[in-house]
Every structure is written in structure tokens, then in C-alpha cells.
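*Asks:* Got a file for you: coords-v8.pdb, PDB, C-alpha atoms and all ligand atoms.
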MODEL        1
ATOM      1  CA  MET U   1      13.682   5.789  -6.307
ATOM      2  CA  PHE U   2      10.014   4.758  -6.538
ATOM      3  CA  LEU U   3       8.273   3.029  -9.448
ATOM      4  CA  ASP U   4       5.315   4.872 -11.010
ATOM      5  CA  THR U   5       3.001   2.065 -12.083
ATOM      6  CA  ALA U   6       0.196  -0.221 -10.909
ATOM      7  CA  ASN U   7       1.368  -3.097 -13.114
ATOM      8  CA  ILE U   8       2.390  -5.986 -10.879
ATOM      9  CA  GLU U   9       4.736  -7.575 -13.449
ATOM     10  CA  GLU U  10       6.633  -4.294 -13.817
ATOM     11  CA  ILE U  11       6.730  -3.904 -10.046
ATOM     12  CA  LYS U  12       8.121  -7.433  -9.568
ATOM     13  CA  ALA U  13      10.731  -6.959 -12.314
ATOM     14  CA  ALA U  14      11.853  -3.567 -11.000
ATOM     15  CA  TYR U  15      11.820  -4.639  -7.368
ATOM     16  CA  SER U  16      14.026  -7.661  -8.105
ATOM     17  CA  LEU U  17      16.808  -5.243  -9.146
ATOM     18  CA  GLY U  18      17.031  -4.020  -5.550
ATOM     19  CA  VAL U  19      16.940  -0.314  -6.421
ATOM     20  CA  ILE U  20      13.273   0.525  -5.879
ATOM     21  CA  SER U  21      12.033   1.477  -2.432
ATOM     22  CA  GLY U  22       8.394   2.382  -3.084
ATOM     23  CA  VAL U  23       5.568   2.624  -5.623
ATOM     24  CA  THR U  24       3.219   5.387  -6.713
ATOM     25  CA  THR U  25      -0.071   4.773  -8.496
ATOM     26  CA  ASN U  26      -2.866   7.038  -9.650
ATOM     27  CA  PRO U  27      -6.446   6.365 -10.800
ATOM     28  CA  SER U  28      -5.397   6.257 -14.476
ATOM     29  CA  LEU U  29      -2.606   3.737 -13.810
ATOM     30  CA  LEU U  30      -4.910   1.555 -11.680
ATOM     31  CA  ALA U  31      -7.727   1.716 -14.262
ATOM     32  CA  LYS U  32      -5.319   0.401 -16.935
ATOM     33  CA  GLU U  33      -4.840  -2.812 -14.912
ATOM     34  CA  GLY U  34      -8.606  -3.522 -14.769
ATOM     35  CA  LYS U  35      -8.493  -5.022 -11.257
ATOM     36  CA  SER U  36     -10.439  -4.143  -8.123
ATOM     37  CA  LEU U  37      -8.683  -1.680  -5.845
ATOM     38  CA  ASP U  38      -8.464  -4.288  -3.061
ATOM     39  CA  ALA U  39      -6.888  -6.854  -5.366
ATOM     40  CA  ALA U  40      -4.394  -4.369  -6.803
ATOM     41  CA  ILE U  41      -3.335  -3.148  -3.342
ATOM     42  CA  ARG U  42      -3.031  -6.716  -2.045
ATOM     43  CA  GLU U  43      -0.749  -7.683  -4.953
ATOM     44  CA  ILE U  44       1.463  -4.613  -4.631
ATOM     45  CA  THR U  45       1.817  -4.764  -0.837
ATOM     46  CA  ALA U  46       2.854  -8.416  -1.137
ATOM     47  CA  VAL U  47       5.859  -7.412  -3.254
ATOM     48  CA  VAL U  48       6.829  -3.931  -2.100
ATOM     49  CA  ASP U  49       8.209  -3.290   1.374
ATOM     50  CA  GLY U  50       7.999   0.497   1.249
ATOM     51  CA  PRO U  51       5.617   3.416   0.724
ATOM     52  CA  ILE U  52       2.811   2.721  -1.769
ATOM     53  CA  SER U  53       0.793   5.755  -2.885
ATOM     54  CA  VAL U  54      -2.885   5.224  -3.694
ATOM     55  CA  GLU U  55      -5.076   8.193  -4.618
ATOM     56  CA  ALA U  56      -8.299   9.212  -2.877
ATOM     57  CA  VAL U  57     -10.992  10.167  -5.410
ATOM     58  CA  SER U  58     -13.474  11.878  -3.069
ATOM     59  CA  GLN U  59     -13.967  15.619  -3.542
ATOM     60  CA  GLU U  60     -15.066  17.039  -0.170
ATOM     61  CA  ALA U  61     -12.743  17.103   2.850
ATOM     62  CA  PRO U  62     -14.844  14.852   5.146
ATOM     63  CA  ALA U  63     -15.218  12.264   2.376
ATOM     64  CA  ILE U  64     -11.507  12.495   1.462
ATOM     65  CA  ILE U  65     -10.619  11.927   5.134
ATOM     66  CA  ALA U  66     -12.920   8.900   5.397
ATOM     67  CA  GLU U  67     -11.600   7.431   2.139
ATOM     68  CA  ALA U  68      -8.000   8.070   3.194
ATOM     69  CA  GLU U  69      -8.485   6.329   6.520
ATOM     70  CA  LYS U  70     -10.050   3.345   4.736
ATOM     71  CA  LEU U  71      -7.149   3.164   2.256
ATOM     72  CA  ALA U  72      -4.586   3.514   5.068
ATOM     73  CA  SER U  73      -6.260   0.679   6.986
ATOM     74  CA  PHE U  74      -5.472  -1.753   4.106
ATOM     75  CA  HIS U  75      -1.754  -1.798   4.948
ATOM     76  CA  PRO U  76       0.730   0.217   7.050
ATOM     77  CA  ASN U  77       2.711   1.093   3.896
ATOM     78  CA  ILE U  78      -0.183   2.878   2.191
ATOM     79  CA  VAL U  79       0.327   6.596   1.552
ATOM     80  CA  VAL U  80      -2.815   8.449   0.481
ATOM     81  CA  LYS U  81      -2.459  10.676  -2.559
ATOM     82  CA  ILE U  82      -4.593  13.785  -2.405
ATOM     83  CA  PRO U  83      -4.838  16.410  -5.178
ATOM     84  CA  VAL U  84      -3.886  19.924  -4.096
ATOM     85  CA  ASN U  85      -7.004  22.091  -3.750
ATOM     86  CA  ALA U  86      -8.909  23.638  -0.839
ATOM     87  CA  GLU U  87     -10.738  20.449   0.149
ATOM     88  CA  GLY U  88      -7.556  18.438  -0.277
ATOM     89  CA  LEU U  89      -5.554  20.744   1.991
ATOM     90  CA  LYS U  90      -8.197  20.606   4.722
ATOM     91  CA  ALA U  91      -8.098  16.814   4.563
ATOM     92  CA  VAL U  92      -4.281  16.695   4.613
ATOM     93  CA  LYS U  93      -4.209  18.825   7.770
ATOM     94  CA  VAL U  94      -6.579  16.482   9.623
ATOM     95  CA  LEU U  95      -4.873  13.353   8.294
ATOM     96  CA  SER U  96      -1.433  14.583   9.327
ATOM     97  CA  GLU U  97      -2.748  15.120  12.875
ATOM     98  CA  ARG U  98      -4.124  11.555  12.759
ATOM     99  CA  LYS U  99      -0.738  10.237  11.517
ATOM    100  CA  VAL U 100      -2.088   9.103   8.136
ATOM    101  CA  LYS U 101       0.687   9.512   5.541
ATOM    102  CA  THR U 102      -0.196  11.721   2.570
ATOM    103  CA  ASN U 103       1.241  12.479  -0.861
ATOM    104  CA  VAL U 104      -0.112  15.784  -2.176
ATOM    105  CA  THR U 105      -0.340  15.350  -5.906
ATOM    106  CA  LEU U 106      -0.886  17.322  -9.131
ATOM    107  CA  VAL U 107       1.396  20.084  -7.846
ATOM    108  CA  PHE U 108       2.360  22.619 -10.520
ATOM    109  CA  SER U 109       3.548  25.680  -8.553
ATOM    110  CA  VAL U 110       5.761  26.588  -5.607
ATOM    111  CA  ASN U 111       2.777  28.217  -3.923
ATOM    112  CA  GLN U 112       0.819  24.963  -4.021
ATOM    113  CA  ALA U 113       3.909  23.165  -2.708
ATOM    114  CA  LEU U 114       4.292  25.618   0.185
ATOM    115  CA  LEU U 115       0.635  25.210   1.180
ATOM    116  CA  ALA U 116       0.915  21.418   1.045
ATOM    117  CA  ALA U 117       3.929  21.458   3.387
ATOM    118  CA  LEU U 118       2.170  23.862   5.763
ATOM    119  CA  ALA U 119      -0.820  21.478   5.874
ATOM    120  CA  GLY U 120       1.550  18.702   6.973
ATOM    121  CA  ALA U 121       1.936  16.593   3.820
ATOM    122  CA  THR U 122       4.327  13.665   4.172
ATOM    123  CA  TYR U 123       5.236  13.853   0.467
ATOM    124  CA  VAL U 124       4.517  16.362  -2.298
ATOM    125  CA  SER U 125       4.596  15.408  -5.978
ATOM    126  CA  PRO U 126       5.475  18.100  -8.544
ATOM    127  CA  PHE U 127       4.541  16.868 -12.050
ATOM    128  CA  VAL U 128       7.697  17.642 -14.003
ATOM    129  CA  GLY U 129       6.818  16.156 -17.407
ATOM    130  CA  ARG U 130       3.370  17.759 -17.584
ATOM    131  CA  LEU U 131       4.957  21.193 -16.966
ATOM    132  CA  ASP U 132       7.592  20.526 -19.641
ATOM    133  CA  ASP U 133       4.708  19.594 -21.966
ATOM    134  CA  ILE U 134       3.275  23.120 -21.713
ATOM    135  CA  GLY U 135       6.639  24.796 -22.274
ATOM    136  CA  GLN U 136       7.609  25.341 -18.646
ATOM    137  CA  ASP U 137      10.641  23.998 -16.788
ATOM    138  CA  GLY U 138       9.310  21.259 -14.497
ATOM    139  CA  MET U 139      12.658  20.598 -12.863
ATOM    140  CA  GLN U 140      12.944  24.281 -11.926
ATOM    141  CA  LEU U 141       9.810  23.800  -9.812
ATOM    142  CA  VAL U 142      11.446  20.852  -8.043
ATOM    143  CA  ALA U 143      14.568  22.959  -7.324
ATOM    144  CA  GLU U 144      12.508  25.857  -5.942
ATOM    145  CA  MET U 145      10.445  23.527  -3.749
ATOM    146  CA  LEU U 146      13.595  21.972  -2.308
ATOM    147  CA  GLU U 147      14.999  25.424  -1.545
ATOM    148  CA  ILE U 148      11.816  26.533   0.224
ATOM    149  CA  TYR U 149      11.407  23.320   2.226
ATOM    150  CA  ARG U 150      15.034  23.533   3.348
ATOM    151  CA  ASN U 151      14.710  27.231   4.275
ATOM    152  CA  TYR U 152      12.046  26.302   6.814
ATOM    153  CA  SER U 153      13.153  22.728   7.637
ATOM    154  CA  PHE U 154       9.827  21.237   6.519
ATOM    155  CA  PRO U 155       9.931  17.449   6.967
ATOM    156  CA  THR U 156       7.811  17.061   3.783
ATOM    157  CA  GLN U 157       9.655  15.056   1.113
ATOM    158  CA  VAL U 158       9.679  16.028  -2.557
ATOM    159  CA  ILE U 159       8.814  13.288  -5.062
ATOM    160  CA  ALA U 160       9.790  14.343  -8.593
ATOM    161  CA  ALA U 161       6.851  12.880 -10.554
ATOM    162  CA  SER U 162       5.655  12.718 -14.155
ATOM    163  CA  ILE U 163       9.172  11.657 -15.095
ATOM    164  CA  ARG U 164       9.539  11.062 -18.830
ATOM    165  CA  HIS U 165      13.199  10.178 -19.478
ATOM    166  CA  PRO U 166      16.514   9.353 -17.776
ATOM    167  CA  LEU U 167      17.714  12.968 -17.932
ATOM    168  CA  HIS U 168      14.825  13.936 -15.627
ATOM    169  CA  VAL U 169      16.039  11.341 -13.105
ATOM    170  CA  ALA U 170      19.657  12.510 -13.314
ATOM    171  CA  ILE U 171      18.712  16.154 -12.799
ATOM    172  CA  ALA U 172      16.338  15.297  -9.938
ATOM    173  CA  ALA U 173      19.175  13.447  -8.197
ATOM    174  CA  LYS U 174      21.667  16.249  -8.889
ATOM    175  CA  ILE U 175      19.468  18.937  -7.362
ATOM    176  CA  GLY U 176      18.698  16.727  -4.362
ATOM    177  CA  ALA U 177      15.061  15.696  -4.851
ATOM    178  CA  ASP U 178      14.225  13.301  -2.014
ATOM    179  CA  ILE U 179      12.629  10.810  -4.405
ATOM    180  CA  ALA U 180      11.927  10.388  -8.115
ATOM    181  CA  THR U 181       9.027   8.163  -9.113
ATOM    182  CA  ILE U 182       9.700   6.689 -12.520
ATOM    183  CA  PRO U 183       7.879   4.587 -15.103
ATOM    184  CA  TYR U 184       9.319   1.089 -15.701
ATOM    185  CA  LYS U 185      10.390   2.111 -19.211
ATOM    186  CA  VAL U 186      12.594   4.887 -17.800
ATOM    187  CA  LEU U 187      14.177   2.423 -15.358
ATOM    188  CA  THR U 188      15.227   0.167 -18.252
ATOM    189  CA  GLN U 189      16.475   3.193 -20.221
ATOM    190  CA  MET U 190      18.612   4.193 -17.214
ATOM    191  CA  LEU U 191      20.196   0.765 -17.033
ATOM    192  CA  ASN U 192      20.931  -0.003 -20.652
ATOM    193  CA  HIS U 193      23.837   1.461 -22.601
ATOM    194  CA  PRO U 194      24.989   0.212 -26.023
ATOM    195  CA  LEU U 195      28.657   0.443 -25.005
ATOM    196  CA  THR U 196      27.992  -1.827 -22.007
ATOM    197  CA  THR U 197      26.274  -4.392 -24.256
ATOM    198  CA  LEU U 198      29.081  -4.227 -26.819
ATOM    199  CA  GLY U 199      31.725  -4.382 -24.082
ATOM    200  CA  ILE U 200      30.210  -7.529 -22.557
ATOM    201  CA  GLU U 201      30.010  -9.183 -26.005
ATOM    202  CA  LYS U 202      33.665  -8.373 -26.717
ATOM    203  CA  PHE U 203      34.890  -9.586 -23.307
ATOM    204  CA  LEU U 204      32.968 -12.846 -23.690
ATOM    205  CA  ALA U 205      34.232 -13.368 -27.262
ATOM    206  CA  ASP U 206      37.865 -12.750 -26.229
ATOM    207  CA  TRP U 207      37.531 -15.028 -23.238
ATOM    208  CA  ALA U 208      35.989 -17.761 -25.376
ATOM    209  CA  LYS U 209      39.125 -17.724 -27.597
ATOM    210  CA  VAL U 210      41.325 -18.383 -24.542
ATOM    211  CA  SER U 211      39.043 -21.168 -23.290
ATOM    212  CA  ASP U 212      38.969 -22.717 -26.794
ATOM    213  CA  ALA U 213      42.777 -22.676 -26.892
ATOM    214  CA  SER U 214      43.234 -24.399 -23.500
TER     215      SER U 214
HETATM  216  C1  LIG O 301       2.752  10.687  -9.916
HETATM  217  O1  LIG O 301       2.706  10.212  -8.817
HETATM  218  C2  LIG O 301       1.906  10.331 -11.066
HETATM  219  O2  LIG O 301       1.411   9.023 -10.898
HETATM  220  C3  LIG O 301       2.647  10.331 -12.353
HETATM  221  O3  LIG O 301       4.006  10.630 -12.182
HETATM  222  C4  LIG O 301       1.982  11.090 -13.450
HETATM  223  O4  LIG O 301       2.781  10.998 -14.598
HETATM  224  P1  LIG O 301       2.238  11.340 -16.068
HETATM  225  O5  LIG O 301       2.277  12.827 -16.219
HETATM  226  O6  LIG O 301       3.229  10.660 -16.969
HETATM  227  O7  LIG O 301       0.872  10.768 -16.153
ENDMDL
END
Take the structure in the file and give it back as C-alpha cells.
Ligand code: E4P
*Replies:*
Amino acid sequence: MFLDTANIEEIKAAYSLGVISGVTTNPSLLAKEGKSLDAAIREITAVVDGPISVEAVSQEAPAIIAEAEKLASFHPNIVVKIPVNAEGLKAVKVLSERKVKTNVTLVFSVNQALLAALAGATYVSPFVGRLDDIGQDGMQLVAEMLEIYRNYSFPTQVIAASIRHPLHVAIAAKIGADIATIPYKVLTQMLNHPLTTLGIEKFLADWAKVSDAS
């Protein structure tokens, strides 16, 4: 499970639980934090010992490649996110030959996912919630991608992204997505259950009666 945020407090809180093994960011998430890219990456790499996705914003393949190599030089854990389009694919191909890790992002179809794997993407991120938003079944895309990647033994890993609620995470795990990247809010929703809270209160109250009596 990865955390989908650029907020360092959320990253620290989630990481301390011991269940998060990486972080994904995007330009919108980084912009919300109002820090320089260098500062944000420095903070996150100091906490997270695992893949950290940071998106390239260049539009032409040579510029995407140059930006990706600069981002990757910040830290060995950096994975460069690249949107799936013609220029992006060209860049992913070159970067995979140069051993720069990539996360092909904004994937909304199995055809895009197939092309990304053929170009040598390390990770591919289907945006589940944004497909659900337009009345399609985002998790169906994840299932079809997994089937295709397994048919041809692609090493590319599927990151279920744009996760909106705990049910998304449960289904992603059930169908065998390699990774789900989740907002901090969804992580807390996964953990909390009213019956657990009530159960703890009752156990403590009953135990207090025994301790009071002795
Ligand atoms: C994925 O890597 C993206 O950062 C993210 O999951 C997008 O989610 P959103 O659709 O909630 O913005």
C-alpha cells in the first residue's frame, strides 16, 4: 500500500503505522503544500524508505527525459510519473533502457495500459475513482490490466490510483492489484470501526471494575 499525498504530516502519521511502503504525488498534491519541489522531495525521502512518485511536467519526449533524469538524481527512491500520451511513451521507452523507474499515469483504458507496459513502464496507474465519476467501472479496468499483464508476464506493476473509499482498496486487494495508492483519509477509514471502539471501551470498563474491587 502506498500513500497518495505530498503532505509530510500525513506521510509521517501513516508511515508510523508500519503499513505504507511508498508514496505517490502529483502536481496538484504538491501545489497544495506550497513548498519548492526540492524541499518537498527532501522531506518525503527523509521519512519514506520506498518508491516515491514525482510527476514530470514537460510535454516533449526529450524534455520529459531530461526532467525525469533530474528528478531521479535527487534520490534513488524517486519514480518518475509520466502521463500516457505519444511523447510520454517515447520518454518511458528511453528511460526504461536507462534504468530510470517510471510510473505511467492518467491511465483510463486497457489499450493505454498495454502500450505503457510495452514501453517498459515500471508501474502503471489506472485512475479508478475518476472513471467511476463518469459512470464507468474503474476497478474493472484494474482487473483487465492485471489479466493482460499476467498473460504476457509483463514485469510492470499495477498501482490502483484515484482511490476514494475503503471498498476500492478491498476490491483492489481481492483482484490482486500489485499496489493501491490511497489518500490518508481512506487509510483512517480502513482502520476505524465503531464496534472496535465500543469493544475497547467495554473491555476497559469491565476490567476497571475488577481492579477497583481488588
Ligand atoms: C495517482 O497517483 C494520483 O496521484 C491520484 O490517485 C489521483 O487521484 P484523484 O483522482 O483523487 O485526484
*Asks:* Using all atoms listed in the file, find each residue in chain U having at least one atom no more than 9 Å away from ligand LIG 301 (chain O); report its shortest atom-to-atom pair and that distance in Å (one decimal), rows by chain then rising number, as a Markdown table.
*Replies:*
| residue | atom | partner | partner_atom | distance |
| --- | --- | --- | --- | --- |
| U:Asp4 | CA | O:LIG301 | O2 | 5.7 |
| U:Thr5 | CA | O:LIG301 | O2 | 7.2 |
| U:Val23 | CA | O:LIG301 | O1 | 8.7 |
| U:Thr24 | CA | O:LIG301 | O1 | 5.3 |
| U:Thr25 | CA | O:LIG301 | O2 | 5.1 |
| U:Asn26 | CA | O:LIG301 | O2 | 4.9 |
| U:Pro27 | CA | O:LIG301 | O2 | 8.3 |
| U:Ser28 | CA | O:LIG301 | O7 | 7.9 |
| U:Leu29 | CA | O:LIG301 | O2 | 7.2 |
| U:Ser53 | CA | O:LIG301 | O1 | 7.7 |
| U:Lys81 | CA | O:LIG301 | O1 | 8.1 |
| U:Asn103 | CA | O:LIG301 | O1 | 8.4 |
| U:Thr105 | CA | O:LIG301 | O1 | 6.6 |
| U:Leu106 | CA | O:LIG301 | C1 | 7.6 |
| U:Ser125 | CA | O:LIG301 | O1 | 6.2 |
| U:Pro126 | CA | O:LIG301 | C1 | 8.0 |
| U:Phe127 | CA | O:LIG301 | O5 | 6.2 |
| U:Val128 | CA | O:LIG301 | O5 | 7.6 |
| U:Gly129 | CA | O:LIG301 | O5 | 5.8 |
| U:Arg130 | CA | O:LIG301 | O5 | 5.2 |
| U:Leu131 | CA | O:LIG301 | O5 | 8.8 |
| U:Ile159 | CA | O:LIG301 | O1 | 7.8 |
| U:Ala160 | CA | O:LIG301 | O3 | 7.8 |
| U:Ala161 | CA | O:LIG301 | O3 | 4.0 |
| U:Ser162 | CA | O:LIG301 | O3 | 3.3 |
| U:Ile163 | CA | O:LIG301 | O3 | 6.0 |
| U:Arg164 | CA | O:LIG301 | O6 | 6.6 |
| U:Ala180 | CA | O:LIG301 | O3 | 8.9 |
| U:Thr181 | CA | O:LIG301 | O3 | 6.4 |
| U:Ile182 | CA | O:LIG301 | O3 | 6.9 |
| U:Pro183 | CA | O:LIG301 | O3 | 7.7 |
*Asks:* Set the distance at 12 Å and use only C-alpha atoms: which residues neighbour Glu69 in chain U once local chain neighbours fewer than 4 positions away are removed? I'd like the list as a list of chain:residue names.
*Replies:*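 Residues meeting the cut-off are U:Val54, U:Glu55, U:Ala56, U:Pro62, U:Ala63, U:Ile64, U:Ile65, U:Ser73, U:Phe74, U:His75, U:Pro76, U:Ile78, U:Val79, U:Val80, U:Lys81, U:Ala91, U:Val92, U:Val94, U:Leu95, U:Ser96, U:Arg98, U:Lys99, U:Val100, U:Lys101, U:Thr102.
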*Asks:* Work out where the centre of an axis-aligned box around every listed atom of range 205-214 of chain U lies and how long its edges are once 6 Å is added on each side; give both in Å to one decimal as lines of an AutoDock Vina configuration file.
*Replies:*
center_x = 38.7
center_y = -18.6
center_z = -25.4
size_x = 21.0
size_y = 23.6
size_z = 16.4
*Asks:* Please identify all polymer residues lying at most 8 Å from the point (6.2, 0.8, 7.7) (file coordinates), using all atoms listed in the file, and present the result as number ranges by chain.
*Replies:* U: 49-51, 76-77
*Asks:* Considering all atoms listed in the file, can you say which of U:Val210, U:Leu3, U:Ala86, U:Leu17 comes closest to Val169 in chain U?
*Replies:* U:Leu3
*Asks:* Can you measure CA of Gln59 in chain U to CA of Ser109 in chain U for me? One decimal in Å is fine.
*Replies:*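 CA of Ser109 in chain U lies at a distance of 20.8 Å from CA of Gln59 in chain U.
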*Asks:* Write out as number ranges by chain each polymer residue whose atoms come within 7 Å of Leu146 in chain U, counting all atoms listed in the file; drop sequence neighbours fewer than 4 positions from it.
*Replies:* U: 142, 150, 177
*Asks:* Counting all atoms listed in the file, which residue out of U:Ala31, U:Val124, U:Leu37, U:Ala172 sits closest to Gln112 in chain U?
*Replies:*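 Nearest to Gln112 in chain U: U:Val124.
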*Asks:* What residues have an atom no more than 12 Å from (13.9, 25.1, -1.2) in the file's own frame, counting only C-alpha atoms, and can you write them as an MDAnalysis selection string?
*Replies:* chainID U and resid 110:111 113:114 117 140:158 175:178
*Asks:* Can you tell me how far CA of Ala119 in chain U sits from CA of Val104 in chain U, in Å to one decimal?
*Replies:*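 CA of Val104 in chain U lies at a distance of 9.9 Å from CA of Ala119 in chain U.
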*Asks:* Interatomic distance between CA of Ile44 in chain U and CA of Ala68 in chain U?
*Replies:*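 Going from CA of Ile44 in chain U over to CA of Ala68 in chain U covers 17.7 Å.
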*Asks:* Of the candidates U:Ala61, U:Gly138, U:Ala170, U:Leu89, which one gets nearest to Met1 in chain U if we count only C-alpha atoms?
*Replies:*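 Selected residue with least distance to Met1 in chain U: U:Ala170.
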*Asks:* Could you tell me which residues the PyMOL selection byres (((chain U and resi 12) around 12) and not hetatm) returns for this structure, as a list in words?
*Replies:*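 Evaluating the PyMOL selection byres (((chain U and resi 12) around 12) and not hetatm) on this file yields Leu3, Thr5, Ala6, Asn7, Ile8, Glu9, Glu10, Ile11, Ala13, Ala14, Tyr15, Ser16, Leu17, Gly18, Val19, Ile20, Gly22, Val23, Glu43, Ile44, Thr45, Ala46, Val47, Val48, Asp49 and Tyr184 of chain U.
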*Asks:* Step by step, work through what the PyMOL selection byres (((chain U and resi 166) around 8) and not hetatm) selects in the shown file, and finish by giving those residues as number ranges by chain.
*Replies:* U: 164-165, 167-170, 186-187, 189-190
*Asks:* Write out, as a short mmCIF file (atom, residue, chain, number, x, y, z; two decimals), keeping the file's coordinate frame, the residues just selected, with C-alpha atoms.
*Replies:*
data_model
loop_
_atom_site.label_atom_id
_atom_site.label_comp_id
_atom_site.auth_asym_id
_atom_site.auth_seq_id
_atom_site.Cartn_x
_atom_site.Cartn_y
_atom_site.Cartn_z
CA ARG U 164 9.54 11.06 -18.83
CA HIS U 165 13.20 10.18 -19.48
CA LEU U 167 17.71 12.97 -17.93
CA HIS U 168 14.82 13.94 -15.63
CA VAL U 169 16.04 11.34 -13.10
CA ALA U 170 19.66 12.51 -13.31
CA VAL U 186 12.59 4.89 -17.80
CA LEU U 187 14.18 2.42 -15.36
CA GLN U 189 16.48 3.19 -20.22
CA MET U 190 18.61 4.19 -17.21
#
*Asks:* Because some atoms of range 46-60 of chain U are absent here, can you restore N, CA, C and O atoms and send them as a short mmCIF file (atom, residue, chain, number, x, y, z; two decimals), in the frame of the given file?
*Replies:*
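Contents of part-v3.cif, as written:
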data_model
loop_
_atom_site.label_atom_id
_atom_site.label_comp_id
_atom_site.auth_asym_id
_atom_site.auth_seq_id
_atom_site.Cartn_x
_atom_site.Cartn_y
_atom_site.Cartn_z
N ALA U 46 2.17 -7.13 -1.32
CA ALA U 46 2.85 -8.42 -1.14
C ALA U 46 4.27 -8.38 -1.69
O ALA U 46 5.13 -9.16 -1.28
N VAL U 47 4.53 -7.48 -2.62
CA VAL U 47 5.86 -7.41 -3.25
C VAL U 47 6.71 -6.29 -2.67
O VAL U 47 7.91 -6.46 -2.44
N VAL U 48 6.07 -5.15 -2.43
CA VAL U 48 6.83 -3.93 -2.10
C VAL U 48 6.86 -3.69 -0.60
O VAL U 48 5.82 -3.58 0.04
N ASP U 49 8.07 -3.60 -0.05
CA ASP U 49 8.21 -3.29 1.37
C ASP U 49 8.64 -1.82 1.50
O ASP U 49 9.80 -1.52 1.77
N GLY U 50 7.69 -0.93 1.21
CA GLY U 50 8.00 0.50 1.25
C GLY U 50 6.74 1.27 0.95
O GLY U 50 5.67 0.67 0.70
N PRO U 51 6.82 2.60 0.93
CA PRO U 51 5.62 3.42 0.72
C PRO U 51 4.93 3.14 -0.61
O PRO U 51 5.59 3.06 -1.66
N ILE U 52 3.61 2.98 -0.56
CA ILE U 52 2.81 2.72 -1.77
C ILE U 52 1.71 3.77 -1.82
O ILE U 52 0.80 3.77 -0.98
N SER U 53 1.79 4.68 -2.79
CA SER U 53 0.79 5.76 -2.88
C SER U 53 -0.43 5.30 -3.66
O SER U 53 -0.31 4.78 -4.77
N VAL U 54 -1.60 5.52 -3.05
CA VAL U 54 -2.88 5.22 -3.69
C VAL U 54 -3.75 6.47 -3.53
O VAL U 54 -3.83 7.04 -2.44
N GLU U 55 -4.40 6.89 -4.64
CA GLU U 55 -5.08 8.19 -4.62
C GLU U 55 -6.52 8.11 -4.12
O GLU U 55 -7.28 7.22 -4.52
N ALA U 56 -6.90 9.06 -3.27
CA ALA U 56 -8.30 9.21 -2.88
C ALA U 56 -9.03 9.95 -4.01
O ALA U 56 -8.47 10.89 -4.58
N VAL U 57 -10.26 9.53 -4.31
CA VAL U 57 -10.99 10.17 -5.41
C VAL U 57 -12.18 11.00 -4.92
O VAL U 57 -12.89 11.61 -5.72
N SER U 58 -12.39 11.05 -3.60
CA SER U 58 -13.47 11.88 -3.07
C SER U 58 -13.13 13.35 -3.25
O SER U 58 -11.96 13.71 -3.38
N GLN U 59 -14.17 14.20 -3.22
CA GLN U 59 -13.97 15.62 -3.54
C GLN U 59 -14.12 16.57 -2.36
O GLN U 59 -13.61 17.68 -2.40
N GLU U 60 -14.86 16.16 -1.33
CA GLU U 60 -15.07 17.04 -0.17
C GLU U 60 -14.20 16.54 0.98
O GLU U 60 -14.04 15.33 1.15
#
